[in-house]
file coords_28.txt (compact mmCIF, C-alpha atoms and all ligand atoms)
# COMPACT_ATOMS: atom_id res chain seq x y z
CA MET A 14 118.35 73.94 119.18
CA VAL A 15 114.78 74.79 120.20
CA THR A 16 114.17 78.47 120.85
CA SER A 17 111.14 79.39 122.92
CA ALA A 18 108.80 82.17 121.82
CA ASP A 19 110.03 84.38 124.69
CA GLU A 20 113.67 83.85 123.70
CA LEU A 21 112.91 84.64 120.09
CA ARG A 22 111.07 87.83 121.01
CA GLU A 23 113.98 88.87 123.25
CA GLU A 24 116.42 88.24 120.37
CA VAL A 25 114.27 90.51 118.16
CA ARG A 26 114.17 93.20 120.85
CA ARG A 27 117.97 93.07 121.29
CA ARG A 28 118.55 93.35 117.55
CA TYR A 29 116.36 96.45 117.17
CA ALA A 30 117.70 98.06 120.36
CA GLU A 31 121.16 97.71 118.83
CA SER A 32 119.89 99.22 115.60
CA ALA A 33 118.38 102.22 117.42
CA ARG A 34 121.66 102.78 119.28
CA ALA A 35 123.57 102.70 115.96
CA VAL A 36 121.26 105.34 114.42
CA THR A 37 121.46 107.51 117.54
CA ALA A 38 125.26 107.37 117.14
CA GLY A 39 124.93 108.53 113.49
CA SER A 40 125.34 105.15 111.70
CA PRO A 41 122.71 103.47 109.50
CA GLY A 42 120.30 101.12 111.26
CA CYS A 43 120.47 97.38 110.85
CA GLY A 44 117.50 95.11 110.69
CA CYS A 45 115.55 93.24 108.09
CA GLY A 46 117.70 91.55 105.50
CA SER A 47 121.00 92.08 107.33
CA GLY A 48 122.92 88.89 107.86
CA SER A 49 124.35 90.28 111.05
CA CYS A 50 123.37 93.49 112.75
CA CYS A 51 124.81 96.56 111.06
CA ALA A 52 126.23 94.59 108.12
CA ASP A 53 123.85 95.57 105.33
CA GLY A 54 124.72 94.28 101.90
CA GLU A 55 123.96 96.10 98.63
CA ALA A 56 120.89 93.99 97.86
CA ASP A 57 119.49 94.79 101.29
CA ALA A 58 119.86 98.52 100.74
CA ALA A 59 117.55 98.39 97.70
CA SER A 60 115.02 96.00 99.29
CA PHE A 61 114.69 97.51 102.75
CA GLY A 62 114.70 100.94 104.35
CA GLU A 63 114.66 104.52 103.14
CA ALA A 64 115.08 103.70 99.40
CA LEU A 65 111.40 102.65 99.44
CA TYR A 66 110.23 106.23 100.09
CA ASP A 67 110.16 108.89 97.38
CA ALA A 68 112.30 112.01 97.57
CA GLU A 69 109.32 114.18 98.53
CA GLN A 70 108.51 112.00 101.54
CA ARG A 71 112.16 111.81 102.60
CA GLY A 72 112.25 115.60 102.46
CA GLU A 73 109.49 115.72 105.12
CA LEU A 74 111.60 113.75 107.60
CA PRO A 75 114.54 114.38 109.93
CA GLU A 76 117.71 112.59 108.79
CA ALA A 77 117.72 110.26 111.81
CA ALA A 78 114.20 109.07 110.93
CA THR A 79 115.25 108.08 107.40
CA LEU A 80 118.46 106.49 108.70
CA ALA A 81 116.35 104.44 111.12
CA SER A 82 114.03 103.23 108.39
CA LEU A 83 114.07 99.42 108.46
CA GLY A 84 110.87 98.63 106.61
CA CYS A 85 110.27 96.60 103.45
CA GLY A 86 107.74 98.94 101.85
CA ASN A 87 105.91 102.19 102.33
CA PRO A 88 102.56 101.58 104.06
CA THR A 89 101.68 105.29 104.13
CA ALA A 90 101.60 105.20 100.33
CA VAL A 91 99.03 102.39 100.27
CA ALA A 92 96.81 103.31 103.22
CA GLU A 93 95.28 106.43 101.57
CA LEU A 94 95.10 108.32 104.85
CA ARG A 95 92.53 111.08 105.22
CA GLU A 96 92.35 114.25 107.33
CA GLY A 97 91.04 113.57 110.85
CA GLU A 98 91.68 109.81 110.90
CA THR A 99 93.30 107.85 113.73
CA VAL A 100 96.18 105.68 112.54
CA LEU A 101 98.13 103.02 114.43
CA ASP A 102 101.58 101.85 113.29
CA LEU A 103 102.53 98.42 114.66
CA GLY A 104 106.28 98.15 115.39
CA SER A 105 106.91 101.84 114.71
CA GLY A 106 110.71 101.68 115.06
CA GLY A 107 112.35 105.09 114.52
CA GLY A 108 108.95 106.62 113.76
CA ILE A 109 109.18 107.23 110.00
CA ASP A 110 105.66 106.03 109.15
CA VAL A 111 104.12 107.61 112.28
CA ILE A 112 105.54 111.03 111.32
CA LEU A 113 104.37 110.71 107.70
CA SER A 114 100.91 109.54 108.88
CA ALA A 115 100.62 112.40 111.39
CA LYS A 116 101.22 114.85 108.56
CA ARG A 117 98.59 113.16 106.35
CA VAL A 118 95.82 113.06 109.00
CA GLY A 119 96.51 116.64 110.14
CA PRO A 120 95.86 118.30 113.50
CA SER A 121 92.33 116.86 113.74
CA GLY A 122 93.70 113.32 113.44
CA ARG A 123 96.26 111.37 115.42
CA ALA A 124 98.98 108.83 114.78
CA TYR A 125 99.97 106.18 117.32
CA GLY A 126 103.22 104.23 117.15
CA LEU A 127 103.50 100.98 119.12
CA ASP A 128 106.85 99.32 119.78
CA MET A 129 108.33 97.04 122.43
CA THR A 130 111.90 98.39 122.27
CA ASP A 131 112.71 101.33 124.60
CA GLU A 132 115.63 102.52 122.44
CA MET A 133 113.39 102.68 119.35
CA LEU A 134 110.64 104.53 121.25
CA ALA A 135 113.15 107.15 122.45
CA LEU A 136 114.53 107.59 118.92
CA ALA A 137 111.01 107.88 117.46
CA GLN A 138 109.98 110.51 120.02
CA GLN A 139 113.14 112.51 119.26
CA ASN A 140 112.46 112.28 115.50
CA ALA A 141 108.82 113.35 115.92
CA THR A 142 109.88 116.37 117.99
CA GLU A 143 112.45 117.29 115.36
CA ALA A 144 109.82 116.90 112.61
CA GLY A 145 107.51 119.27 114.54
CA VAL A 146 104.52 116.92 114.63
CA THR A 147 102.44 117.09 117.79
CA ASN A 148 99.55 114.73 116.96
CA VAL A 149 101.70 111.62 117.61
CA HIS A 150 101.66 109.26 120.58
CA PHE A 151 104.21 106.51 121.07
CA LEU A 152 103.11 103.52 123.14
CA LYS A 153 105.26 100.82 124.69
CA GLY A 154 103.90 97.33 124.27
CA VAL A 155 103.68 94.27 122.09
CA ILE A 156 101.64 93.99 118.93
CA GLU A 157 100.12 90.71 120.19
CA GLN A 158 98.37 92.73 122.93
CA ILE A 159 97.70 96.23 121.65
CA PRO A 160 97.29 98.75 124.52
CA LEU A 161 94.35 100.59 122.93
CA PRO A 162 90.58 100.18 123.39
CA ALA A 163 88.39 98.26 120.97
CA LYS A 164 87.09 100.14 117.90
CA SER A 165 89.36 103.15 118.43
CA VAL A 166 91.40 103.21 115.20
CA ASP A 167 90.49 103.95 111.56
CA VAL A 168 93.63 102.54 109.92
CA VAL A 169 96.31 100.08 111.04
CA ILE A 170 99.62 100.26 109.21
CA SER A 171 102.83 98.31 109.78
CA ASN A 172 106.15 98.01 108.00
CA CYS A 173 108.04 94.74 108.14
CA VAL A 174 107.06 93.75 111.67
CA ILE A 175 104.34 91.07 111.62
CA ASN A 176 106.85 88.54 110.26
CA LEU A 177 108.81 89.11 113.50
CA SER A 178 105.86 88.22 115.73
CA VAL A 179 105.90 84.94 117.61
CA ASP A 180 102.08 84.81 117.56
CA LYS A 181 100.73 86.13 114.27
CA ALA A 182 97.14 84.93 114.88
CA ALA A 183 97.05 87.07 118.05
CA VAL A 184 98.32 90.10 116.10
CA LEU A 185 95.62 89.75 113.43
CA ALA A 186 92.91 89.29 116.10
CA GLU A 187 94.17 92.39 117.94
CA ILE A 188 94.13 94.45 114.73
CA ALA A 189 90.50 93.41 114.19
CA ARG A 190 89.67 94.34 117.80
CA VAL A 191 91.10 97.88 117.74
CA LEU A 192 89.75 98.81 114.29
CA LYS A 193 86.45 100.63 114.04
CA PRO A 194 83.80 98.91 111.88
CA GLY A 195 84.71 99.75 108.29
CA GLY A 196 88.35 100.35 109.32
CA ARG A 197 91.17 99.17 107.09
CA ILE A 198 94.75 97.92 107.07
CA GLY A 199 97.66 98.90 104.81
CA ILE A 200 100.63 96.75 105.73
CA SER A 201 104.04 96.09 104.19
CA ASP A 202 105.53 92.78 105.20
CA VAL A 203 107.80 89.97 104.04
CA VAL A 204 105.73 87.11 102.58
CA ALA A 205 106.77 83.74 101.16
CA GLU A 206 105.47 81.84 98.13
CA ASP A 207 103.00 79.15 99.20
CA GLN A 208 105.17 76.18 98.28
CA LEU A 209 108.03 77.15 100.62
CA SER A 210 107.97 75.14 103.84
CA PRO A 211 108.94 76.84 107.13
CA GLU A 212 112.32 75.04 106.90
CA GLU A 213 112.91 76.38 103.37
CA ARG A 214 112.05 79.91 104.54
CA ALA A 215 114.57 79.56 107.40
CA GLU A 216 117.29 78.44 104.93
CA ARG A 217 116.89 81.78 103.11
CA GLY A 218 117.46 84.13 106.03
CA SER A 219 117.26 84.63 109.79
CA TYR A 220 114.20 85.24 111.94
CA VAL A 221 115.45 88.61 113.24
CA GLY A 222 116.34 89.54 109.65
CA CYS A 223 112.61 89.25 108.73
CA ILE A 224 112.87 86.16 106.49
CA ALA A 225 112.43 82.94 108.52
CA GLY A 226 109.26 84.15 110.26
CA ALA A 227 107.47 85.18 107.05
CA LEU A 228 103.97 83.82 106.51
CA SER A 229 103.16 82.49 103.07
CA LYS A 230 100.63 84.37 100.92
CA GLY A 231 97.95 81.72 101.57
CA GLU A 232 98.65 81.69 105.31
CA TYR A 233 98.31 85.50 105.44
CA GLU A 234 95.01 85.44 103.54
CA ALA A 235 93.61 82.61 105.69
CA GLY A 236 94.77 84.35 108.90
CA LEU A 237 93.06 87.60 107.93
CA GLU A 238 89.89 85.76 106.98
CA ALA A 239 89.88 83.90 110.31
CA ALA A 240 90.25 87.24 112.11
CA GLY A 241 87.09 88.47 110.34
CA PHE A 242 88.54 90.66 107.57
CA VAL A 243 87.05 91.18 104.11
CA HIS A 244 88.40 92.55 100.79
CA ILE A 245 91.72 90.83 101.48
CA SER A 246 94.65 91.17 99.10
CA VAL A 247 98.31 90.20 99.45
CA GLU A 248 100.37 91.55 96.54
CA PHE A 249 104.07 90.87 96.03
CA THR A 250 106.11 93.99 95.15
CA HIS A 251 109.78 92.98 95.04
CA GLN A 252 111.82 89.86 95.77
CA VAL A 253 113.98 89.94 98.91
CA ALA A 254 115.21 86.31 98.79
CA ASP A 255 114.55 83.26 96.59
CA GLY A 256 110.74 82.80 96.69
CA ILE A 257 110.35 85.47 99.37
CA TYR A 258 108.97 88.95 98.67
CA SER A 259 108.09 92.24 100.14
CA ALA A 260 104.30 92.49 99.88
CA ILE A 261 101.47 94.94 100.36
CA VAL A 262 98.68 93.53 102.49
CA ARG A 263 95.27 95.19 102.36
CA ALA A 264 92.01 94.27 104.08
CA ALA A 265 89.00 95.87 105.72
CA LYS A 266 86.96 95.20 108.80
CA THR A 267 83.34 94.63 107.93
CA ASN A 268 80.98 97.43 108.96
CA GLU A 269 78.13 95.06 109.64
CA PRO A 270 76.73 95.74 113.14
CA GLU A 271 77.56 93.09 115.73
CA ARG A 272 74.32 91.19 116.37
CA LYS A 273 75.29 89.45 119.62
CA GLY A 274 72.70 86.74 118.94
CA LEU A 275 69.72 89.11 118.93
CA PRO A 276 67.52 89.31 115.84
CA VAL A 277 67.59 92.61 113.96
CA ILE A 278 64.02 93.93 113.97
CA GLN A 279 63.19 95.94 110.86
CA PRO A 280 60.84 98.89 111.43
CA ALA A 281 57.39 98.26 109.92
CA ALA A 282 56.60 100.23 106.76
CA THR A 283 54.22 103.12 107.46
CA ASP A 284 52.01 105.15 105.17
CA GLY A 285 53.40 108.40 106.57
CA CYS A 286 50.63 108.72 109.08
CA CYS A 287 51.38 109.14 112.87
C1 LIG B 1 112.14 95.82 111.11
S1 LIG B 1 111.89 97.05 112.31
C2 LIG B 1 110.72 98.08 111.44
C3 LIG B 1 110.57 99.45 112.06
C4 LIG B 1 109.66 100.41 111.31
N1 LIG B 1 108.35 99.85 111.09
C5 LIG B 1 110.29 100.84 110.00
O1 LIG B 1 109.69 100.66 108.96
O2 LIG B 1 111.40 101.37 110.04
C6 LIG B 1 110.89 96.17 113.48
C7 LIG B 1 110.39 97.00 114.68
O3 LIG B 1 109.32 96.29 115.29
C8 LIG B 1 109.53 96.20 116.68
N2 LIG B 1 108.92 94.91 117.08
C9 LIG B 1 109.24 93.66 116.66
N3 LIG B 1 108.44 92.73 117.18
C10 LIG B 1 107.56 93.41 117.98
C11 LIG B 1 106.46 93.01 118.82
N4 LIG B 1 106.12 91.73 118.93
N5 LIG B 1 105.78 93.98 119.49
C12 LIG B 1 106.14 95.28 119.39
N6 LIG B 1 107.16 95.72 118.63
C13 LIG B 1 107.86 94.80 117.92
C14 LIG B 1 111.03 96.27 116.87
O4 LIG B 1 111.34 96.77 118.15
C15 LIG B 1 111.43 97.23 115.75
O5 LIG B 1 111.40 98.58 116.17

call {"tool": "encode", "arguments": {"input": "coords_28.txt", "output": "structure tokens", "more": "lines below"}}
Ligand SMILES: C[S@@+](CC[C@H](N)C(=O)[O-])C[C@H]1O[C@@H](n2cnc3c(N)ncnc32)[C@H](O)[C@@H]1O
result
Amino acid sequence: MVTSADELREEVRRRYAESARAVTAGSPGCGCGSGSCCADGEADAASFGEALYDAEQRGELPEAATLASLGCGNPTAVAELREGETVLDLGSGGGIDVILSAKRVGPSGRAYGLDMTDEMLALAQQNATEAGVTNVHFLKGVIEQIPLPAKSVDVVISNCVINLSVDKAAVLAEIARVLKPGGRIGISDVVAEDQLSPEERAERGSYVGCIAGALSKGEYEAGLEAAGFVHISVEFTHQVADGIYSAIVRAAKTNEPERKGLPVIQPAATDGCC
């Protein structure tokens, strides 16, 4: 059966809407790694979700935010956020990484969360209110078309979402567009070993469960390079299926000025006179 990109995206949206409704009703969320929604196995519990955050970070969060955690890593731990920065979380889900980021960047900074699922956005807003953070803004939209101006963000984070995108090249190009020169990314995602074909990835897990849509390490690196990133690294952290891992993806946007075809004219050396 051939599934169109729109159908696949709608399947993803339905899955995570269901997960948000489960958390709102007091049950654990379901998402990456689950064979069927809300049927997490033991291996999934260790590979995905709140277990990937330390006790101190979990203590900073409302219970519903930790219950809603569906990520495969902890991007706030790798992004080295600083006071006053603007952070954007792609596919922010129940808001866990947006809330943690908002606390790291402080009142002079801001944390945006972008998600396409209304139920997740409502849950995230509720969690942020409960956590008492006011420097957060949740945006509705898709990560393939980020609703923010160019060069407006210092750091892009994301937790187990890019594998779910139906157009990963567009996502990487959009990240490059919204980052300020010198900006950086700290992303957790599911990534496959290079020798696994797309068919072999699909044999190991579903698309909505964050396995079948995983890029390989080489594809990720090449995609980031094509989008103009430098200092690229894709590091496996733990295995989530045979030959498929949770990984930390880091890269930076060059801070070279855009030349737009014009020569850069160096000022002439002077002897201090005039
Ligand atoms: C696996 S959950 C991860 C949520 C959150 N990052 C976390 O760590 O708990 C995936 C989230 O990404 C959102 N999502 C998936 N594909 C998306 C897309 N193309 N554009 C915007 N949001 C998307 C889903 O609605 C869902 O909330």

call {"tool": "atom_distance", "arguments": {"input": "coords_28.txt", "atom1": "atom CA of Gly72 of chain A", "atom2": "atom CA of Arg28 of chain A"}}
result
27.6 Å

call {"tool": "residues_near_ligand", "arguments": {"input": "coords_28.txt", "ligand": "ligand LIG 1 (chain B)", "cutoff": "6 Å", "atoms": "only C-alpha atoms and all ligand atoms", "output": "VMD selection string"}}
result
chain A and resid 26 29 44 to 45 81 to 84 104 to 107 128 to 130 133 154 to 156 171 to 174 177 to 178

call {"tool": "write_last_selection", "arguments": {"input": "coords_28.txt", "atoms": "C-alpha atoms", "output": "PDB file, in the coordinates of the input"}}
result
ATOM      1  CA  ARG A  26     114.170  93.200 120.850  1.00  0.00           C
ATOM      2  CA  TYR A  29     116.360  96.450 117.170  1.00  0.00           C
ATOM      3  CA  GLY A  44     117.500  95.110 110.690  1.00  0.00           C
ATOM      4  CA  CYS A  45     115.550  93.240 108.090  1.00  0.00           C
ATOM      5  CA  ALA A  81     116.350 104.440 111.120  1.00  0.00           C
ATOM      6  CA  SER A  82     114.030 103.230 108.390  1.00  0.00           C
ATOM      7  CA  LEU A  83     114.070  99.420 108.460  1.00  0.00           C
ATOM      8  CA  GLY A  84     110.870  98.630 106.610  1.00  0.00           C
ATOM      9  CA  GLY A 104     106.280  98.150 115.390  1.00  0.00           C
ATOM     10  CA  SER A 105     106.910 101.840 114.710  1.00  0.00           C
ATOM     11  CA  GLY A 106     110.710 101.680 115.060  1.00  0.00           C
ATOM     12  CA  GLY A 107     112.350 105.090 114.520  1.00  0.00           C
ATOM     13  CA  ASP A 128     106.850  99.320 119.780  1.00  0.00           C
ATOM     14  CA  MET A 129     108.330  97.040 122.430  1.00  0.00           C
ATOM     15  CA  THR A 130     111.900  98.390 122.270  1.00  0.00           C
ATOM     16  CA  MET A 133     113.390 102.680 119.350  1.00  0.00           C
ATOM     17  CA  GLY A 154     103.900  97.330 124.270  1.00  0.00           C
ATOM     18  CA  VAL A 155     103.680  94.270 122.090  1.00  0.00           C
ATOM     19  CA  ILE A 156     101.640  93.990 118.930  1.00  0.00           C
ATOM     20  CA  SER A 171     102.830  98.310 109.780  1.00  0.00           C
ATOM     21  CA  ASN A 172     106.150  98.010 108.000  1.00  0.00           C
ATOM     22  CA  CYS A 173     108.040  94.740 108.140  1.00  0.00           C
ATOM     23  CA  VAL A 174     107.060  93.750 111.670  1.00  0.00           C
ATOM     24  CA  LEU A 177     108.810  89.110 113.500  1.00  0.00           C
ATOM     25  CA  SER A 178     105.860  88.220 115.730  1.00  0.00           C
TER      26      SER A 178
END

call {"tool": "residues_around", "arguments": {"input": "coords_28.txt", "residues": "Glu238 of chain A", "least_positions_apart": "6", "cutoff": "10 Å", "atoms": "all atoms listed in the file", "output": "ChimeraX atom specification"}}
result
/A:185,232,244-245,264

call {"tool": "residues_around", "arguments": {"input": "coords_28.txt", "residues": "segment 111-120 of chain A", "least_positions_apart": "5", "cutoff": "12 Å", "atoms": "all atoms listed in the file", "output": "tab-separated table (two decimals) with C-alpha atoms, in the coordinates of the input"}}
result
chain	number	residue	atom	x	y	z
A	66	TYR	CA	110.23	106.23	100.09
A	67	ASP	CA	110.16	108.89	97.38
A	69	GLU	CA	109.32	114.18	98.53
A	70	GLN	CA	108.51	112.00	101.54
A	71	ARG	CA	112.16	111.81	102.60
A	72	GLY	CA	112.25	115.60	102.46
A	73	GLU	CA	109.49	115.72	105.12
A	74	LEU	CA	111.60	113.75	107.60
A	75	PRO	CA	114.54	114.38	109.93
A	78	ALA	CA	114.20	109.07	110.93
A	79	THR	CA	115.25	108.08	107.40
A	82	SER	CA	114.03	103.23	108.39
A	87	ASN	CA	105.91	102.19	102.33
A	88	PRO	CA	102.56	101.58	104.06
A	89	THR	CA	101.68	105.29	104.13
A	90	ALA	CA	101.60	105.20	100.33
A	91	VAL	CA	99.03	102.39	100.27
A	92	ALA	CA	96.81	103.31	103.22
A	93	GLU	CA	95.28	106.43	101.57
A	94	LEU	CA	95.10	108.32	104.85
A	95	ARG	CA	92.53	111.08	105.22
A	96	GLU	CA	92.35	114.25	107.33
A	97	GLY	CA	91.04	113.57	110.85
A	98	GLU	CA	91.68	109.81	110.90
A	99	THR	CA	93.30	107.85	113.73
A	100	VAL	CA	96.18	105.68	112.54
A	101	LEU	CA	98.13	103.02	114.43
A	102	ASP	CA	101.58	101.85	113.29
A	103	LEU	CA	102.53	98.42	114.66
A	104	GLY	CA	106.28	98.15	115.39
A	105	SER	CA	106.91	101.84	114.71
A	106	GLY	CA	110.71	101.68	115.06
A	125	TYR	CA	99.97	106.18	117.32
A	126	GLY	CA	103.22	104.23	117.15
A	127	LEU	CA	103.50	100.98	119.12
A	128	ASP	CA	106.85	99.32	119.78
A	134	LEU	CA	110.64	104.53	121.25
A	137	ALA	CA	111.01	107.88	117.46
A	138	GLN	CA	109.98	110.51	120.02
A	139	GLN	CA	113.14	112.51	119.26
A	140	ASN	CA	112.46	112.28	115.50
A	141	ALA	CA	108.82	113.35	115.92
A	142	THR	CA	109.88	116.37	117.99
A	143	GLU	CA	112.45	117.29	115.36
A	144	ALA	CA	109.82	116.90	112.61
A	145	GLY	CA	107.51	119.27	114.54
A	146	VAL	CA	104.52	116.92	114.63
A	147	THR	CA	102.44	117.09	117.79
A	148	ASN	CA	99.55	114.73	116.96
A	149	VAL	CA	101.70	111.62	117.61
A	150	HIS	CA	101.66	109.26	120.58
A	151	PHE	CA	104.21	106.51	121.07
A	152	LEU	CA	103.11	103.52	123.14
A	167	ASP	CA	90.49	103.95	111.56
A	168	VAL	CA	93.63	102.54	109.92
A	169	VAL	CA	96.31	100.08	111.04
A	170	ILE	CA	99.62	100.26	109.21
A	171	SER	CA	102.83	98.31	109.78
A	172	ASN	CA	106.15	98.01	108.00
A	199	GLY	CA	97.66	98.90	104.81

call {"tool": "closest_residue", "arguments": {"input": "coords_28.txt", "among": "A:Ala135, A:Gln252, A:Glu23, A:Ile109", "to": "Gly62 of chain A", "atoms": "only C-alpha atoms"}}
result
A:Ile109

call {"tool": "atom_distance", "arguments": {"input": "coords_28.txt", "atom1": "atom CA of Arg123 of chain A", "atom2": "atom CA of Leu161 of chain A"}}
result
13.3 Å

call {"tool": "residues_around", "arguments": {"input": "coords_28.txt", "residues": "Glu213 of chain A", "least_positions_apart": "5", "cutoff": "10 Å", "atoms": "all atoms listed in the file", "output": "list in words"}}
result
Ala205, Gln208, Gly218, Ala225, Asp255 and Gly256 of chain A

call {"tool": "closest_residue", "arguments": {"input": "coords_28.txt", "among": "A:Cys85, A:Ala260, A:Val243, A:Leu209", "to": "Arg197 of chain A", "atoms": "all atoms listed in the file"}}
result
A:Val243

call {"tool": "residues_around", "arguments": {"input": "coords_28.txt", "residues": "Arg214 of chain A", "least_positions_apart": "6", "cutoff": "10 Å", "atoms": "only C-alpha atoms", "output": "list in words"}}
result
Val204, Ala205, Glu206, Tyr220, Ile224, Ala225, Gly226, Ala227, Leu228, Ser229, Ala254, Asp255, Gly256 and Ile257 of chain A

call {"tool": "atom_distance", "arguments": {"input": "coords_28.txt", "atom1": "atom CA of Asp19 of chain A", "atom2": "atom CA of Lys181 of chain A"}}
result
14.1 Å

call {"tool": "axis_aligned_box", "arguments": {"input": "coords_28.txt", "around": "segment 88-104 of chain A", "padding_each_side": "6 Å", "output": "lines of an AutoDock Vina configuration file"}}
result
center_x = 98.7
center_y = 106.2
center_z = 107.8
size_x = 27.2
size_y = 28.1
size_z = 27.1

call {"tool": "build_atoms", "arguments": {"input": "coords_28.txt", "residues": "segment 67-79 of chain A", "atoms": "N, CA, C and O atoms", "output": "tab-separated table (two decimals), in the coordinates of the input"}}
result
chain	number	residue	atom	x	y	z
A	67	ASP	N	109.74	107.97	98.44
A	67	ASP	CA	110.16	108.89	97.38
A	67	ASP	C	110.83	110.12	97.99
A	67	ASP	O	110.76	110.36	99.20
A	68	ALA	N	111.49	110.88	97.10
A	68	ALA	CA	112.30	112.01	97.57
A	68	ALA	C	111.45	113.02	98.33
A	68	ALA	O	111.88	113.59	99.33
A	69	GLU	N	110.19	113.19	97.87
A	69	GLU	CA	109.32	114.18	98.53
A	69	GLU	C	109.06	113.76	99.98
A	69	GLU	O	109.14	114.56	100.90
A	70	GLN	N	108.77	112.46	100.17
A	70	GLN	CA	108.51	112.00	101.54
A	70	GLN	C	109.76	112.08	102.40
A	70	GLN	O	109.70	112.47	103.56
A	71	ARG	N	110.93	111.74	101.81
A	71	ARG	CA	112.16	111.81	102.60
A	71	ARG	C	112.45	113.24	103.02
A	71	ARG	O	112.97	113.49	104.10
A	72	GLY	N	112.05	114.19	102.16
A	72	GLY	CA	112.25	115.60	102.46
A	72	GLY	C	111.42	116.07	103.66
A	72	GLY	O	111.72	117.08	104.27
A	73	GLU	N	110.35	115.33	103.99
A	73	GLU	CA	109.49	115.72	105.12
A	73	GLU	C	110.03	115.22	106.44
A	73	GLU	O	109.44	115.44	107.49
A	74	LEU	N	111.16	114.48	106.40
A	74	LEU	CA	111.60	113.75	107.60
A	74	LEU	C	112.96	114.19	108.11
A	74	LEU	O	113.84	114.52	107.30
A	75	PRO	N	113.19	114.15	109.43
A	75	PRO	CA	114.54	114.38	109.93
A	75	PRO	C	115.47	113.26	109.45
A	75	PRO	O	115.02	112.13	109.23
A	76	GLU	N	116.76	113.57	109.33
A	76	GLU	CA	117.71	112.59	108.79
A	76	GLU	C	117.73	111.30	109.62
A	76	GLU	O	117.78	110.20	109.08
A	77	ALA	N	117.66	111.46	110.95
A	77	ALA	CA	117.72	110.26	111.81
A	77	ALA	C	116.52	109.35	111.56
A	77	ALA	O	116.63	108.12	111.69
A	78	ALA	N	115.37	109.91	111.18
A	78	ALA	CA	114.20	109.07	110.93
A	78	ALA	C	114.41	108.25	109.66
A	78	ALA	O	114.07	107.06	109.61
A	79	THR	N	115.01	108.86	108.63
A	79	THR	CA	115.25	108.08	107.40
A	79	THR	C	116.36	107.06	107.62
A	79	THR	O	116.28	105.94	107.14
